[in-house]
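**Student:** data05.csv is reproduced in full below (CSV, C-alpha atoms).
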```
chain,number,residue,atom,x,y,z
A,677,MET,CA,17.6,-6.8,-9.1
A,678,LYS,CA,15.5,-6.7,-5.9
A,679,PRO,CA,16.1,-3.9,-3.5
A,680,GLN,CA,17.5,-4.7,-0.1
A,681,ARG,CA,15.3,-4.9,3.0
A,682,SER,CA,17.0,-1.9,4.6
A,683,GLU,CA,16.2,0.2,1.5
A,684,ILE,CA,12.6,-0.8,1.6
A,685,LEU,CA,12.5,0.0,5.3
A,686,SER,CA,13.9,3.5,4.7
A,687,ARG,CA,11.5,4.2,1.9
A,688,MET,CA,8.6,3.2,4.0
A,689,VAL,CA,9.7,5.4,6.9
A,690,ARG,CA,10.1,8.4,4.5
A,691,PHE,CA,6.6,7.6,3.0
A,692,LEU,CA,5.0,7.7,6.4
A,693,ASN,CA,7.0,10.7,7.6
A,694,LEU,CA,5.3,12.8,4.8
A,695,ASP,CA,1.9,11.8,6.2
A,696,THR,CA,0.2,14.9,7.5
A,697,ASP,CA,-3.4,13.8,7.9
A,698,GLY,CA,-3.1,10.0,8.5
A,699,LEU,CA,-4.3,8.9,5.0
A,700,ARG,CA,-1.0,7.3,4.1
A,701,ARG,CA,-0.9,5.3,7.3
A,702,ALA,CA,-4.5,4.2,6.9
A,703,VAL,CA,-3.8,3.0,3.3
A,704,LEU,CA,-0.8,1.1,4.4
A,705,GLU,CA,-2.6,-0.4,7.4
A,706,SER,CA,-5.4,-1.5,5.1
A,707,ILE,CA,-2.9,-3.0,2.7
A,708,VAL,CA,-1.3,-5.0,5.5
A,709,GLU,CA,-4.6,-6.1,6.8
A,710,ALA,CA,-6.1,-7.1,3.4
A,711,ARG,CA,-2.9,-8.6,1.8
A,712,GLU,CA,-4.8,-9.0,-1.5
A,713,PHE,CA,-7.0,-6.2,-2.8
A,714,THR,CA,-8.3,-4.1,-5.7
A,715,VAL,CA,-8.6,-0.3,-5.9
A,716,ALA,CA,-12.3,-0.6,-5.2
A,717,SER,CA,-11.9,-2.8,-2.1
A,718,LEU,CA,-9.2,-0.6,-0.7
A,719,HIS,CA,-11.2,2.5,-1.4
A,720,GLU,CA,-14.1,1.0,0.5
A,721,CYS,CA,-11.9,0.3,3.6
A,722,VAL,CA,-10.2,3.7,3.5
A,723,SER,CA,-13.4,5.7,2.8
A,724,LYS,CA,-14.8,4.6,6.2
A,725,LYS,CA,-12.2,6.8,7.9
A,726,PHE,CA,-11.5,9.5,5.3
A,727,ALA,CA,-13.5,11.3,2.6
A,728,VAL,CA,-11.3,10.4,-0.4
A,729,SER,CA,-12.1,9.6,-4.0
A,730,ARG,CA,-11.1,6.4,-5.8
A,731,LYS,CA,-8.5,8.4,-7.8
A,732,VAL,CA,-6.7,9.4,-4.6
A,733,VAL,CA,-6.6,5.8,-3.4
A,734,ALA,CA,-5.5,4.5,-6.9
A,735,SER,CA,-2.8,7.1,-7.0
A,736,MET,CA,-1.5,6.1,-3.6
A,737,ILE,CA,-1.5,2.4,-4.6
A,738,GLY,CA,0.5,3.3,-7.7
A,739,TYR,CA,3.0,5.3,-5.7
A,740,ILE,CA,3.4,2.4,-3.2
A,741,CYS,CA,3.7,-0.1,-6.0
A,742,SER,CA,6.3,1.8,-7.9
A,743,ARG,CA,8.3,3.6,-5.3
A,744,LEU,CA,8.2,1.3,-2.3
A,745,GLY,CA,8.1,-1.9,-4.3
A,746,ILE,CA,6.2,-3.9,-1.8
A,747,LEU,CA,3.3,-4.9,-4.0
A,748,HIS,CA,2.8,-7.5,-6.8
A,749,VAL,CA,0.3,-6.7,-9.5
A,750,ASN,CA,-1.8,-9.4,-11.1
A,751,LYS,CA,-4.4,-9.0,-13.9
A,752,LYS,CA,-6.3,-12.3,-14.5
A,753,SER,CA,-8.1,-11.3,-17.7
A,754,TYR,CA,-8.7,-8.3,-19.9
A,755,ARG,CA,-11.9,-7.3,-18.2
A,756,ALA,CA,-10.9,-8.1,-14.6
A,757,PRO,CA,-9.6,-5.3,-12.4
A,758,MET,CA,-6.0,-5.4,-11.3
A,759,THR,CA,-5.4,-7.3,-8.1
A,760,TYR,CA,-2.6,-6.1,-5.9
A,761,ILE,CA,-0.8,-8.5,-3.5
A,762,LEU,CA,1.4,-7.5,-0.6
A,763,ARG,CA,4.7,-9.4,-1.1
A,764,ASP,CA,5.3,-11.9,1.8
A,765,GLU,CA,8.9,-10.8,2.2
A,766,TYR,CA,7.9,-7.2,3.0
A,767,ALA,CA,4.8,-7.8,5.1
A,768,ASP,CA,6.8,-8.0,8.3
A,769,ILE,CA,8.7,-4.8,7.5
A,770,ALA,CA,5.4,-3.0,6.9
A,771,ARG,CA,4.0,-4.2,10.2
A,772,ALA,CA,7.2,-3.2,12.1
A,773,VAL,CA,7.2,0.3,10.5
A,774,LEU,CA,3.5,0.8,11.3
A,775,ALA,CA,4.1,-0.3,14.9
A,776,THR,CA,7.0,2.0,15.5
A,777,LEU,CA,5.8,5.2,13.8
```
Turn the structure described in the file into structure tokens.
**Tutor:**
Amino acid sequence: MKPQRSEILSRMVRFLNLDTDGLRRAVLESIVEAREFTVASLHECVSKKFAVSRKVVASMIGYICSRLGILHVNKKSYRAPMTYILRDEYADIARAVLATL
């Protein structure tokens, strides 16, 4: 069962309200901008603004994927890294939340 759009919206607002240093916002902005990414590519984008490790970025991606439910995970082969894709139906919600908060 897919969560309702209002539930996703409230989860995103709670996620960003816990942001004390701007890292969560930067990660979410990078996800919206990239739409399809790996941990390494997102870490590269976020590390330009913040001094964070890959583990921190990977942990945040996992949280966003499991708790917010706005990402789709794809693994093409055994050796290929996981590719995360922002779901089209939630991209507009993410943009709206980032614009208002």
**Student:** Which residues are near stretch 729-735 of chain A? Cut-off 7 Å, all atoms listed in the file, ignore same chain within fewer than 4 positions. Put them as a compact mmCIF listing (two decimals) with C-alpha atoms, keeping the file's coordinate frame.
**Tutor:**
```txt
# COMPACT_ATOMS: atom_id res chain seq x y z
CA VAL A 715 -8.60 -0.30 -5.90
CA HIS A 719 -11.20 2.50 -1.40
CA TYR A 739 3.00 5.30 -5.70
```
**Student:** One number please: atom CA of A:Arg700 to atom CA of A:Glu765, in Å, one decimal.
**Tutor:**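 Value for the atom CA of A:Arg700-atom CA of A:Glu765 distance: 20.7 Å.
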**Student:** Which residue out of A:Leu699, A:Ile707, A:Leu762, A:Ile746 has the minimum interatomic distance to A:Ala727 when all atoms listed in the file are used?
**Tutor:**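 Looking at the shortest contact to A:Ala727, the residue is A:Leu699.
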**Student:** Grab the atom CA of A:Cys721 to atom CA of A:Ile761 distance for me, in Å with one decimal place.
**Tutor:**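 It comes out at 15.8 Å.
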**Student:** Can you tell me which residues surround A:Ala772 at a distance of at most 12 Å, considering only C-alpha atoms, apart from same-chain residues fewer than 6 positions away, and format the answer as a CSV table (one decimal) with C-alpha atoms, in the coordinates of the input?
**Tutor:**
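That gives us around_5.csv:
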```csv
chain,number,residue,atom,x,y,z
A,685,LEU,CA,12.5,0.0,5.3
A,688,MET,CA,8.6,3.2,4.0
A,689,VAL,CA,9.7,5.4,6.9
A,704,LEU,CA,-0.8,1.1,4.4
A,705,GLU,CA,-2.6,-0.4,7.4
A,708,VAL,CA,-1.3,-5.0,5.5
A,766,TYR,CA,7.9,-7.2,3.0
```
**Student:** Grab the atom CA of A:Leu774 to atom CA of A:Asn750 distance for me, in Å with one decimal place.
**Tutor:**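 Atom-to-atom, atom CA of A:Leu774 to atom CA of A:Asn750, that is 25.2 Å.
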**Student:** Rank nothing, just name the residue among A:Cys741, A:Ile684, A:Val749, A:Leu692 nearest to A:Ala775, using all atoms listed in the file.
**Tutor:**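 Of all the options, A:Leu692 lies closest to A:Ala775.
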**Student:** Return the single residue from A:Ile737, A:Leu694, A:Leu777, A:Leu744 that is closest to A:Ala716, with distances computed using only C-alpha atoms.
**Tutor:**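 Smallest separation from A:Ala716 among the options: A:Ile737.
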